[in-house]
Each structure stands twice: as C-alpha cells, then as structure tokens.
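Visitor: Just upload_17.pdb, nothing more (PDB, C-alpha atoms):
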```
ATOM      1  CA  VAL A   1     -19.296 -26.206 -27.702
ATOM      2  CA  THR A   2     -16.928 -23.443 -26.568
ATOM      3  CA  GLN A   3     -16.059 -23.652 -22.885
ATOM      4  CA  VAL A   4     -14.218 -21.058 -20.840
ATOM      5  CA  SER A   5     -12.258 -20.896 -17.617
ATOM      6  CA  ASP A   6     -12.138 -18.227 -14.937
ATOM      7  CA  VAL A   7      -8.359 -17.910 -14.509
ATOM      8  CA  ASN A   8      -7.446 -16.210 -11.228
ATOM      9  CA  LYS A   9      -4.502 -14.100 -10.122
ATOM     10  CA  ALA A  10      -2.602 -17.024  -8.595
ATOM     11  CA  SER A  11      -2.268 -18.527 -12.059
ATOM     12  CA  ASP A  12      -0.478 -15.412 -13.348
ATOM     13  CA  HIS A  13       2.929 -16.736 -12.295
ATOM     14  CA  LEU A  14       2.334 -19.694 -14.596
ATOM     15  CA  TYR A  15       3.158 -17.294 -17.417
ATOM     16  CA  HIS A  16       6.741 -17.856 -16.314
ATOM     17  CA  VAL A  17       6.356 -21.617 -16.842
ATOM     18  CA  PRO A  18       7.471 -22.623 -20.378
ATOM     19  CA  VAL A  19       4.097 -24.056 -21.407
ATOM     20  CA  PHE A  20       2.493 -20.643 -20.920
ATOM     21  CA  THR A  21       5.295 -18.352 -22.075
ATOM     22  CA  SER A  22       5.136 -20.129 -25.429
ATOM     23  CA  LEU A  23       1.703 -18.615 -26.046
ATOM     24  CA  PRO A  24       1.676 -15.022 -27.347
ATOM     25  CA  ALA A  25      -0.966 -12.636 -26.038
ATOM     26  CA  THR A  26      -2.193 -12.086 -29.582
ATOM     27  CA  GLU A  27      -3.586 -15.608 -29.601
ATOM     28  CA  GLY A  28      -6.087 -14.735 -26.905
ATOM     29  CA  PHE A  29      -4.366 -15.411 -23.608
ATOM     30  CA  PRO A  30      -4.019 -12.082 -21.746
ATOM     31  CA  ALA A  31      -0.466 -11.049 -20.998
ATOM     32  CA  PRO A  32       0.514 -10.499 -17.356
ATOM     33  CA  GLY A  33      -0.639  -7.119 -16.096
ATOM     34  CA  GLU A  34      -3.165  -6.576 -18.889
ATOM     35  CA  ALA A  35      -6.739  -5.778 -17.966
ATOM     36  CA  GLY A  36      -9.161  -8.475 -18.957
ATOM     37  CA  GLY A  37     -10.938  -9.528 -15.829
ATOM     38  CA  ALA A  38     -14.450  -8.812 -14.717
ATOM     39  CA  GLU A  39     -16.391  -7.429 -11.828
ATOM     40  CA  ARG A  40     -18.520  -9.956  -9.967
ATOM     41  CA  GLU A  41     -22.138  -9.681  -8.890
ATOM     42  CA  VAL A  42     -23.809 -12.579  -7.106
ATOM     43  CA  TRP A  43     -27.389 -12.614  -5.886
ATOM     44  CA  GLU A  44     -30.073 -15.134  -5.043
ATOM     45  CA  ALA A  45     -33.587 -15.739  -6.277
ATOM     46  CA  CYS A  46     -35.234 -16.230  -2.875
ATOM     47  CA  SER A  47     -34.396 -12.740  -1.573
ATOM     48  CA  GLU A  48     -32.691  -9.495  -2.545
ATOM     49  CA  ALA A  49     -29.418 -10.547  -0.880
ATOM     50  CA  MET A  50     -26.359  -9.975  -3.015
ATOM     51  CA  ILE A  51     -22.610  -9.489  -2.935
ATOM     52  CA  THR A  52     -20.475  -7.569  -5.397
ATOM     53  CA  PHE A  53     -16.758  -7.451  -6.119
ATOM     54  CA  ASP A  54     -15.584  -4.399  -8.048
ATOM     55  CA  GLU A  55     -12.652  -2.024  -8.377
ATOM     56  CA  HIS A  56     -13.235  -0.724  -4.845
ATOM     57  CA  ASP A  57     -12.604  -4.188  -3.383
ATOM     58  CA  GLN A  58      -9.495  -5.120  -5.350
ATOM     59  CA  SER A  59      -6.220  -3.516  -6.281
ATOM     60  CA  GLU A  60      -5.728  -5.780  -9.296
ATOM     61  CA  VAL A  61      -7.851  -7.671 -11.789
ATOM     62  CA  LEU A  62      -9.509 -10.573  -9.983
ATOM     63  CA  ALA A  63      -9.463 -12.997 -12.911
ATOM     64  CA  HIS A  64      -9.460 -13.426 -16.675
ATOM     65  CA  ILE A  65     -12.176 -15.232 -18.624
ATOM     66  CA  VAL A  66     -10.271 -17.391 -21.138
ATOM     67  CA  GLU A  67     -11.572 -19.867 -23.708
ATOM     68  CA  ASN A  68     -10.367 -23.399 -22.966
ATOM     69  CA  ASP A  69      -9.106 -23.973 -26.499
ATOM     70  CA  VAL A  70      -6.638 -21.135 -25.962
ATOM     71  CA  ILE A  71      -5.391 -22.642 -22.707
ATOM     72  CA  LEU A  72      -5.113 -26.125 -24.206
ATOM     73  CA  HIS A  73      -3.012 -24.724 -27.042
ATOM     74  CA  ALA A  74      -0.570 -23.398 -24.476
ATOM     75  CA  LEU A  75      -0.398 -26.716 -22.673
ATOM     76  CA  LYS A  76       0.519 -28.773 -25.733
ATOM     77  CA  GLU A  77       4.202 -28.686 -24.921
ATOM     78  CA  GLN A  78       6.550 -31.371 -23.680
ATOM     79  CA  VAL A  79       6.613 -32.404 -20.009
ATOM     80  CA  PRO A  80       9.463 -34.200 -18.201
ATOM     81  CA  ALA A  81       9.819 -37.719 -19.551
ATOM     82  CA  HIS A  82      10.847 -39.006 -16.128
ATOM     83  CA  VAL A  83       7.418 -38.436 -14.577
ATOM     84  CA  GLU A  84       3.996 -39.362 -15.919
ATOM     85  CA  ILE A  85       1.490 -36.562 -15.304
ATOM     86  CA  GLY A  86      -2.145 -37.635 -15.009
ATOM     87  CA  ALA A  87      -4.193 -34.669 -16.214
ATOM     88  CA  ASP A  88      -6.888 -36.437 -18.209
ATOM     89  CA  GLY A  89      -9.837 -35.338 -16.121
ATOM     90  CA  ALA A  90     -12.176 -36.857 -13.569
ATOM     91  CA  LYS A  91     -12.201 -40.228 -15.403
ATOM     92  CA  SER A  92      -8.435 -40.484 -15.191
ATOM     93  CA  LEU A  93      -6.629 -43.949 -15.814
ATOM     94  CA  ALA A  94     -14.558  -5.537 -24.634
ATOM     95  CA  VAL A  95     -15.254  -3.205 -22.273
ATOM     96  CA  ASP A  96     -19.001  -2.701 -21.874
ATOM     97  CA  ASN A  97     -19.533  -6.321 -20.947
ATOM     98  CA  THR A  98     -17.243  -6.510 -17.917
ATOM     99  CA  VAL A  99     -19.429  -7.933 -15.159
ATOM    100  CA  ALA A 100     -19.667 -11.635 -14.342
ATOM    101  CA  TRP A 101     -23.191 -12.379 -13.137
ATOM    102  CA  GLN A 102     -24.240 -15.321 -10.990
ATOM    103  CA  ARG A 103     -27.682 -15.979  -9.522
ATOM    104  CA  PHE A 104     -28.469 -18.736  -7.056
ATOM    105  CA  LEU A 105     -31.704 -20.481  -7.995
ATOM    106  CA  PRO A 106     -33.394 -23.238  -5.950
ATOM    107  CA  THR A 107     -32.306 -25.700  -8.656
ATOM    108  CA  GLY A 108     -28.715 -24.437  -8.867
ATOM    109  CA  PRO A 109     -26.721 -21.367  -9.916
ATOM    110  CA  VAL A 110     -26.777 -19.743 -13.355
ATOM    111  CA  ALA A 111     -23.813 -17.598 -14.419
ATOM    112  CA  LEU A 112     -22.890 -15.345 -17.343
ATOM    113  CA  LEU A 113     -19.157 -14.814 -17.872
ATOM    114  CA  PRO A 114     -18.129 -11.986 -20.231
ATOM    115  CA  LEU A 115     -16.099 -12.849 -23.324
ATOM    116  CA  SER A 116     -16.411  -9.677 -25.395
ATOM    117  CA  ASN A 117     -18.556  -6.566 -25.713
ATOM    118  CA  ASP A 118     -21.579  -8.536 -26.828
ATOM    119  CA  ARG A 119     -20.814 -12.162 -25.947
ATOM    120  CA  SER A 120     -20.850 -14.097 -22.694
ATOM    121  CA  SER A 121     -20.359 -17.713 -21.763
ATOM    122  CA  LEU A 122     -23.216 -19.416 -19.917
ATOM    123  CA  VAL A 123     -22.777 -21.854 -17.029
ATOM    124  CA  TRP A 124     -26.154 -23.160 -15.838
ATOM    125  CA  SER A 125     -26.192 -25.775 -13.086
ATOM    126  CA  THR A 126     -29.544 -27.453 -12.558
ATOM    127  CA  THR A 127     -31.299 -30.750 -11.902
ATOM    128  CA  LYS A 128     -31.106 -33.674 -14.326
ATOM    129  CA  GLU A 129     -34.808 -33.353 -15.060
ATOM    130  CA  GLN A 130     -34.638 -29.667 -15.913
ATOM    131  CA  ALA A 131     -31.462 -30.182 -17.948
ATOM    132  CA  GLN A 132     -33.279 -32.709 -20.116
ATOM    133  CA  LYS A 133     -36.142 -30.271 -20.640
ATOM    134  CA  LEU A 134     -33.755 -27.443 -21.530
ATOM    135  CA  HIS A 135     -32.049 -29.663 -24.097
ATOM    136  CA  GLN A 136     -35.360 -30.210 -25.866
ATOM    137  CA  LEU A 137     -36.069 -26.488 -26.266
ATOM    138  CA  THR A 138     -35.403 -24.547 -29.433
ATOM    139  CA  ASP A 139     -32.766 -21.828 -29.262
ATOM    140  CA  GLU A 140     -35.492 -19.172 -28.949
ATOM    141  CA  GLU A 141     -37.277 -21.098 -26.186
ATOM    142  CA  PHE A 142     -33.980 -21.663 -24.396
ATOM    143  CA  THR A 143     -33.223 -17.935 -24.535
ATOM    144  CA  ASP A 144     -36.605 -17.192 -22.971
ATOM    145  CA  ALA A 145     -35.984 -19.785 -20.239
ATOM    146  CA  LEU A 146     -32.562 -18.276 -19.531
ATOM    147  CA  ASN A 147     -33.975 -14.773 -19.170
ATOM    148  CA  ARG A 148     -36.618 -16.094 -16.783
ATOM    149  CA  ALA A 149     -33.870 -17.736 -14.729
ATOM    150  CA  ILE A 150     -32.040 -14.399 -14.534
ATOM    151  CA  TRP A 151     -35.030 -12.136 -13.913
ATOM    152  CA  ASP A 152     -37.962 -14.149 -12.504
ATOM    153  CA  GLU A 153     -38.858 -13.322  -8.885
ATOM    154  CA  SER A 154     -41.508 -15.982  -8.271
ATOM    155  CA  SER A 155     -39.195 -17.784  -5.823
ATOM    156  CA  SER A 156     -38.889 -14.691  -3.644
ATOM    157  CA  ASN A 157     -40.473 -14.762  -0.170
ATOM    158  CA  GLU A 158     -42.144 -11.482   0.805
ATOM    159  CA  ILE A 159     -41.590 -11.972   4.533
ATOM    160  CA  ILE A 160     -37.900 -12.661   3.983
ATOM    161  CA  ARG A 161     -37.617  -9.633   1.692
ATOM    162  CA  THR A 162     -39.165  -7.396   4.354
ATOM    163  CA  VAL A 163     -36.855  -8.680   7.096
ATOM    164  CA  HIS A 164     -33.904  -8.371   4.749
ATOM    165  CA  GLU A 165     -34.734  -4.748   3.901
ATOM    166  CA  ARG A 166     -34.793  -3.869   7.601
ATOM    167  CA  TRP A 167     -31.502  -5.710   8.065
ATOM    168  CA  MET A 168     -29.954  -3.699   5.256
ATOM    169  CA  THR A 169     -31.138  -0.453   6.877
ATOM    170  CA  LEU A 170     -29.503  -1.531  10.135
ATOM    171  CA  LEU A 171     -26.266  -2.472   8.377
ATOM    172  CA  GLU A 172     -26.116   0.882   6.614
ATOM    173  CA  THR A 173     -26.481   2.560  10.006
ATOM    174  CA  ILE A 174     -23.717   0.475  11.580
ATOM    175  CA  ALA A 175     -21.324   0.598   8.628
ATOM    176  CA  PRO A 176     -22.312   3.344   6.199
ATOM    177  CA  ARG A 177     -20.741   3.126   2.783
ATOM    178  CA  SER A 178     -18.675   5.912   1.305
ATOM    179  CA  GLY A 179     -20.548   7.221  -1.705
ATOM    180  CA  ALA A 180     -23.813   6.016  -3.153
ATOM    181  CA  ALA A 181     -23.975   2.305  -3.820
ATOM    182  CA  VAL A 182     -25.711   1.727  -7.140
ATOM    183  CA  ARG A 183     -26.825  -1.790  -7.932
ATOM    184  CA  GLN A 184     -26.358  -2.816 -11.531
ATOM    185  CA  LEU A 185     -29.175  -4.704 -13.176
ATOM    186  CA  PRO A 186     -28.356  -8.034 -14.817
ATOM    187  CA  PRO A 187     -28.431  -8.227 -18.610
ATOM    188  CA  SER A 188     -31.149  -9.639 -20.816
ATOM    189  CA  VAL A 189     -29.953 -12.277 -23.260
ATOM    190  CA  CYS A 190     -30.884 -11.521 -26.872
ATOM    191  CA  ALA A 191     -29.968 -14.878 -28.393
ATOM    192  CA  ILE A 192     -27.620 -17.831 -28.121
ATOM    193  CA  VAL A 193     -25.161 -18.943 -30.766
ATOM    194  CA  PRO A 194     -26.710 -21.950 -32.575
ATOM    195  CA  GLY A 195     -25.072 -25.295 -31.864
ATOM    196  CA  THR A 196     -23.209 -24.153 -28.770
ATOM    197  CA  ARG A 197     -25.304 -25.823 -26.080
ATOM    198  CA  GLY A 198     -23.883 -28.797 -24.242
ATOM    199  CA  SER A 199     -24.152 -30.496 -20.866
ATOM    200  CA  PHE A 200     -22.189 -32.735 -18.543
ATOM    201  CA  PRO A 201     -22.877 -34.266 -15.107
ATOM    202  CA  LEU A 202     -21.602 -32.463 -12.037
ATOM    203  CA  GLY A 203     -19.931 -34.145  -9.139
ATOM    204  CA  LEU A 204     -17.561 -33.893  -6.214
ATOM    205  CA  GLY A 205     -14.522 -36.130  -6.036
ATOM    206  CA  HIS A 206     -11.071 -36.288  -4.524
ATOM    207  CA  ALA A 207      -8.292 -38.842  -4.982
ATOM    208  CA  VAL A 208      -6.931 -40.349  -1.770
ATOM    209  CA  HIS A 209      -3.422 -40.156  -3.214
ATOM    210  CA  TYR A 210      -2.084 -37.768  -5.855
ATOM    211  CA  VAL A 211       1.221 -39.546  -6.381
ATOM    212  CA  ALA A 212       2.901 -42.904  -6.845
ATOM    213  CA  PRO A 213       6.440 -43.705  -7.997
ATOM    214  CA  ARG A 214       6.994 -41.602 -11.144
ATOM    215  CA  VAL A 215       3.298 -40.677 -11.350
ATOM    216  CA  ALA A 216       1.549 -37.453 -10.297
ATOM    217  CA  LEU A 217      -2.094 -36.510 -10.715
ATOM    218  CA  ILE A 218      -3.157 -32.901 -11.318
ATOM    219  CA  GLY A 219      -6.394 -31.097 -12.043
ATOM    220  CA  ASP A 220      -9.618 -33.050 -12.434
ATOM    221  CA  ALA A 221      -7.648 -36.285 -12.391
ATOM    222  CA  ALA A 222      -6.980 -35.556  -8.711
ATOM    223  CA  HIS A 223     -10.096 -33.612  -7.698
ATOM    224  CA  ARG A 224     -13.475 -32.663  -9.096
ATOM    225  CA  ILE A 225     -15.459 -29.664  -7.897
ATOM    226  CA  HIS A 226     -18.767 -27.907  -8.554
ATOM    227  CA  PRO A 227     -18.322 -24.978 -10.995
ATOM    228  CA  LEU A 228     -20.300 -22.433  -8.952
ATOM    229  CA  ALA A 229     -17.195 -20.483  -7.890
ATOM    230  CA  GLY A 230     -15.118 -21.086 -11.015
ATOM    231  CA  GLN A 231     -12.303 -22.609  -8.972
ATOM    232  CA  GLY A 232     -11.842 -25.955 -10.732
ATOM    233  CA  VAL A 233      -9.333 -24.810 -13.344
ATOM    234  CA  ASN A 234      -7.519 -22.648 -10.802
ATOM    235  CA  LEU A 235      -7.032 -25.612  -8.490
ATOM    236  CA  GLY A 236      -5.523 -27.411 -11.459
ATOM    237  CA  PHE A 237      -3.209 -24.511 -12.258
ATOM    238  CA  GLY A 238      -2.208 -24.467  -8.594
ATOM    239  CA  ASP A 239      -1.307 -28.146  -8.934
ATOM    240  CA  VAL A 240       0.818 -27.329 -11.992
ATOM    241  CA  ALA A 241       2.666 -24.539 -10.195
ATOM    242  CA  THR A 242       3.362 -26.575  -7.060
ATOM    243  CA  LEU A 243       4.420 -29.667  -8.997
ATOM    244  CA  THR A 244       6.724 -27.559 -11.166
ATOM    245  CA  ASP A 245       8.336 -25.997  -8.099
ATOM    246  CA  THR A 246       8.716 -29.419  -6.499
ATOM    247  CA  LEU A 247      10.424 -30.899  -9.545
ATOM    248  CA  GLN A 248      12.683 -27.869  -9.991
ATOM    249  CA  ASN A 249      13.804 -28.088  -6.367
ATOM    250  CA  ALA A 250      14.496 -31.796  -6.799
ATOM    251  CA  VAL A 251      16.699 -31.066  -9.810
ATOM    252  CA  LEU A 252      18.611 -28.404  -7.885
ATOM    253  CA  ILE A 253      19.531 -30.844  -5.113
ATOM    254  CA  GLY A 254      20.324 -33.646  -7.565
ATOM    255  CA  ALA A 255      17.398 -35.845  -6.511
ATOM    256  CA  ASP A 256      15.387 -38.178  -8.734
ATOM    257  CA  ILE A 257      12.270 -36.215  -9.701
ATOM    258  CA  GLY A 258      10.255 -39.425  -9.935
ATOM    259  CA  ASP A 259      11.069 -40.480  -6.375
ATOM    260  CA  GLU A 260       7.877 -40.933  -4.369
ATOM    261  CA  GLN A 261       9.249 -39.027  -1.381
ATOM    262  CA  ILE A 262       9.889 -36.022  -3.614
ATOM    263  CA  LEU A 263       6.423 -36.222  -5.148
ATOM    264  CA  HIS A 264       4.840 -36.485  -1.694
ATOM    265  CA  GLN A 265       5.939 -32.911  -1.040
ATOM    266  CA  TYR A 266       3.687 -31.832  -3.910
ATOM    267  CA  GLU A 267       0.841 -34.027  -2.672
ATOM    268  CA  SER A 268       0.949 -32.718   0.900
ATOM    269  CA  GLU A 269       0.976 -29.060  -0.094
ATOM    270  CA  ARG A 270      -1.821 -29.318  -2.632
ATOM    271  CA  GLN A 271      -4.107 -31.532  -0.579
ATOM    272  CA  ARG A 272      -4.093 -29.029   2.276
ATOM    273  CA  HIS A 273      -5.340 -26.324  -0.091
ATOM    274  CA  ASN A 274      -7.608 -28.412  -2.314
ATOM    275  CA  VAL A 275      -9.512 -30.264   0.401
ATOM    276  CA  ALA A 276     -10.365 -27.005   2.178
ATOM    277  CA  THR A 277     -11.573 -25.436  -1.077
ATOM    278  CA  LEU A 278     -13.638 -28.482  -2.054
ATOM    279  CA  ALA A 279     -15.299 -28.567   1.365
ATOM    280  CA  THR A 280     -16.130 -24.846   1.211
ATOM    281  CA  ILE A 281     -17.608 -24.991  -2.296
ATOM    282  CA  ASP A 282     -19.639 -28.103  -1.506
ATOM    283  CA  GLY A 283     -20.948 -26.441   1.657
ATOM    284  CA  LEU A 284     -22.034 -23.356  -0.297
ATOM    285  CA  TYR A 285     -23.739 -25.511  -2.912
ATOM    286  CA  ARG A 286     -25.719 -27.364  -0.253
ATOM    287  CA  LEU A 287     -26.523 -24.125   1.589
ATOM    288  CA  TYR A 288     -28.027 -22.490  -1.498
ATOM    289  CA  ASN A 289     -29.785 -25.658  -2.649
ATOM    290  CA  SER A 290     -32.386 -25.297   0.106
ATOM    291  CA  THR A 291     -35.593 -23.243  -0.014
ATOM    292  CA  ALA A 292     -36.390 -23.644   3.700
ATOM    293  CA  PRO A 293     -37.374 -20.102   4.848
ATOM    294  CA  PRO A 294     -35.222 -20.065   8.017
ATOM    295  CA  LEU A 295     -32.147 -21.109   6.040
ATOM    296  CA  VAL A 296     -32.904 -18.668   3.223
ATOM    297  CA  LEU A 297     -33.230 -15.858   5.761
ATOM    298  CA  LEU A 298     -29.986 -16.717   7.554
ATOM    299  CA  ARG A 299     -27.928 -16.964   4.372
ATOM    300  CA  SER A 300     -29.470 -13.742   3.021
ATOM    301  CA  LEU A 301     -28.631 -11.812   6.177
ATOM    302  CA  GLY A 302     -25.131 -13.278   6.182
ATOM    303  CA  LEU A 303     -24.447 -12.514   2.526
ATOM    304  CA  SER A 304     -25.590  -8.911   2.878
ATOM    305  CA  ALA A 305     -23.462  -8.480   5.993
ATOM    306  CA  VAL A 306     -20.379  -9.742   4.179
ATOM    307  CA  ASN A 307     -21.131  -7.426   1.254
ATOM    308  CA  ILE A 308     -20.647  -4.277   3.357
ATOM    309  CA  MET A 309     -17.556  -5.549   5.185
ATOM    310  CA  ALA A 310     -14.731  -4.533   2.871
ATOM    311  CA  PRO A 311     -11.913  -6.215   4.865
ATOM    312  CA  LEU A 312     -13.771  -9.539   4.902
ATOM    313  CA  LYS A 313     -14.531  -9.274   1.187
ATOM    314  CA  ARG A 314     -10.841  -8.680   0.479
ATOM    315  CA  GLN A 315      -9.975 -11.812   2.462
ATOM    316  CA  LEU A 316     -12.487 -13.827   0.449
ATOM    317  CA  MET A 317     -11.025 -12.461  -2.773
ATOM    318  CA  ALA A 318      -7.501 -13.234  -1.616
ATOM    319  CA  HIS A 319      -8.471 -16.883  -1.095
ATOM    320  CA  ALA A 320     -10.227 -16.992  -4.470
ATOM    321  CA  GLU A 321      -7.045 -15.654  -6.055
ATOM    322  CA  GLY A 322      -5.212 -18.669  -4.607
TER     323      GLY A 322
END
```
Any chance you could give the structure as structure tokens?
Guide:
Amino acid sequence: VTQVSDVNKASDHLYHVPVFTSLPATEGFPAPGEAGGAEREVWEACSEAMITFDEHDQSEVLAHIVENDVILHALKEQVPAHVEIGADGAKSLAVDNTVAWQRFLPTGPVALLPLSNDRSSLVWSTTKEQAQKLHQLTDEEFTDALNRAIWDESSSNEIIRTVHERWMTLLETIAPRSGAAVRQLPPSVCAIVPGTRGSFPLGLGHAVHYVAPRVALIGDAAHRIHPLAGQGVNLGFGDVATLTDTLQNAVLIGADIGDEQILHQYESERQRHNVATLATIDGLYRLYNSTAPPLVLLRSLGLSAVNIMAPLKRQLMAHAEG
C-alpha cells in the first residue's frame, strides 16, 4: 500500500538538514521553490458549505504531496550517537490533477490528494463498521462506493441549504468578490489500483513528556493526530527542525546534547505548538461528526463566512504552513 504525506511550507527548511539534502529531486522529492503543491477544496455533505484555497489566497505553494517511501529514503541517514531519537510511531518503546479534494461526511472525511495527472491518493476516514464493509468489496464495488461518497447528496438538508443560500447572498452583498467565483466540481474516480487498499485505526494521543536523559521523542512517537488536515507528518517535521536547532545550539555553547535541561528546550517549544494543533484538529473532527441540524447550520454558515474573508483564510494557511 502506497501512502503519501502532505508536506507543508514549514518543512521546506528541512532541505537544509543533511538527511534531506542527501536526496536529489530526481528521486521524487520536490526541490525547494519548485511547484508541486495543490489547491484545496473542502466541502461538506450536509450542506453546500465549502472553503477553497487557491493561487489567490497564497503567494507560494501551500504544500507538496510526497510518497512516504521517498521521504523514508531521505531519512535513512545517521543521527547523533549521543542521543536516542524515538521516531517509531504511536506504539513507540502533473498538472491537470492539481486540486486536493476533501468532503466531510457524517461518518468522517474522505480526501483525494493528487499524485500525478491521472493518479490520486485516497484517505477515507470512517467508522469501524463501514471500514469492514468497504474491505469486503471488490475493487469495482469499492470504486462505486467512493464515487457515492464524493457525489451523493442524500445527507443534505433542504432547509439548511435554503438558509445557507440566503446567507451566501448576504455575504456577497457585504463582501463582494473581485471577479466571478467559479466552483470546481470534484472528480469521478475511474478505478483503483489493485492491491493498494489498506486500513489502520485512528486515534488521538500525546506523550506527557517528550524527553528524558539522552532520549527525545519525535513524530507519532510523541503525538498522534487525526489525518483530516494532513498535519501529522508536518508536526513530525517540525519536531525534527526544532530538535536539530536545539542540538546545534548546544554544540555551539559546548554543552552536552544529551543533557535533559538542553532537551527540555525542544520539548517546551514543540509542546506549545503541538498541543494547540491537536486540540484544534480534534475539535474540528468532533464538530463535523455531528448531523444535528442546528450544529450543521452553524458550521455551514461559519465555513462559508471564512471562505470569503481573504485575510482570515491567509491566517489559517499560515498556521497550516507551520
């Protein structure tokens, strides 16, 4: 099963870390400054509410979609022998296909992340019961189920849609957009590559401590997050960058890089960022996991309001970039 990561702008400076500079762009990892990201379009099944992120909302590419095997190849380099890095996961001891699509369903979000002109990676979060049913389907049946998840409107509430349409008219009056806003339609999936389906349980977790004498946890070994915003790998890369800076500074002042007081500097900085991100993502997951009409209406009105507020969207993108 090929898995991918949504690598954001904040991870770009990791190209200057030896484990990433050792990987040539020809092997699949985009070089700094190269185009290779995607526009984003997010909408929900219970209403017409949506939010988009495109070239008008960003001055640079928001992120790159990179296959995990490519990233792992870059990471297979030596690390300082004086510190043990725990990065073994949560159980620790092209141009036409350029839009990343995500739809919030009552059972969880489904997302298509572009890999090439005619290929995308699928991330489908759902209930355990539905996951078991999906596993039992043939590839053709699974493709049909996926297209229904992307296109089906049976979960939509007519009253909410009517209120939302009036809200959109009001928003356009208050903050008219420059130029005609054209909504792109999501793609239809023709087929899936045989033998590429896989599943794993989702969860939320956070280590109380990231460090101990000569030990530092990074990535999923320190925190586990829902994949709906694609931030898991970027939190891990943020850990790598901060830990690297911490160790480099320790070397410059002649300190022992395995000293717990030194490592606590890394822990404090990353926990401030990671805990806030985990709380936000978990809150969004719970918010969109409800089909209660009042909650659906409120989140739909809120999402549409954010979508026309360019400054607020840029702030959201800045946080997503790390």
Visitor: Report the residues retrieved by the PyMOL selection byres ((chain A and resi 188) around 12) from the displayed file, expressed as a list in words.
Guide: Trp101, Leu112, Asp118, Arg119, Ser120, Thr143, Asp144, Ala145, Leu146, Asn147, Arg148, Ala149, Ile150, Trp151, Asp152, Leu185, Pro186, Pro187, Val189, Cys190, Ala191 and Ile192 of chain A
Visitor: On this file, the PyMOL selection byres ((chain A and resi 284) around 12) gives some set of residues; write that set as number ranges by chain.
Guide: A: 104, 108-109, 225-229, 277-283, 285-290, 299, 303
Visitor: Figure out the distance between atom CA of Ser199 of chain A and atom CA of Gln271 of chain A, please, to one decimal in Å.
Guide: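 Taking atom CA of Gln271 of chain A as the start and atom CA of Ser199 of chain A as the end point, the length is 28.5 Å.
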Visitor: Quick one: pull the distance between atom CA of Asp245 of chain A and atom CA of His209 of chain A, Å, one decimal.
Guide: 19.0 Å
Visitor: For atom CA of Glu153 of chain A and atom CA of Leu113 of chain A, determine how far apart the two atoms are, in Å to one decimal place.
Guide: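 These atoms are spaced 21.7 Å apart.
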Visitor: Using all atoms listed in the file, which of A:Trp43, A:Arg214, A:Arg224, A:Ile262 sits nearest Asn249 of chain A?
Guide: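 Under the stated criterion, the closest residue is A:Ile262.
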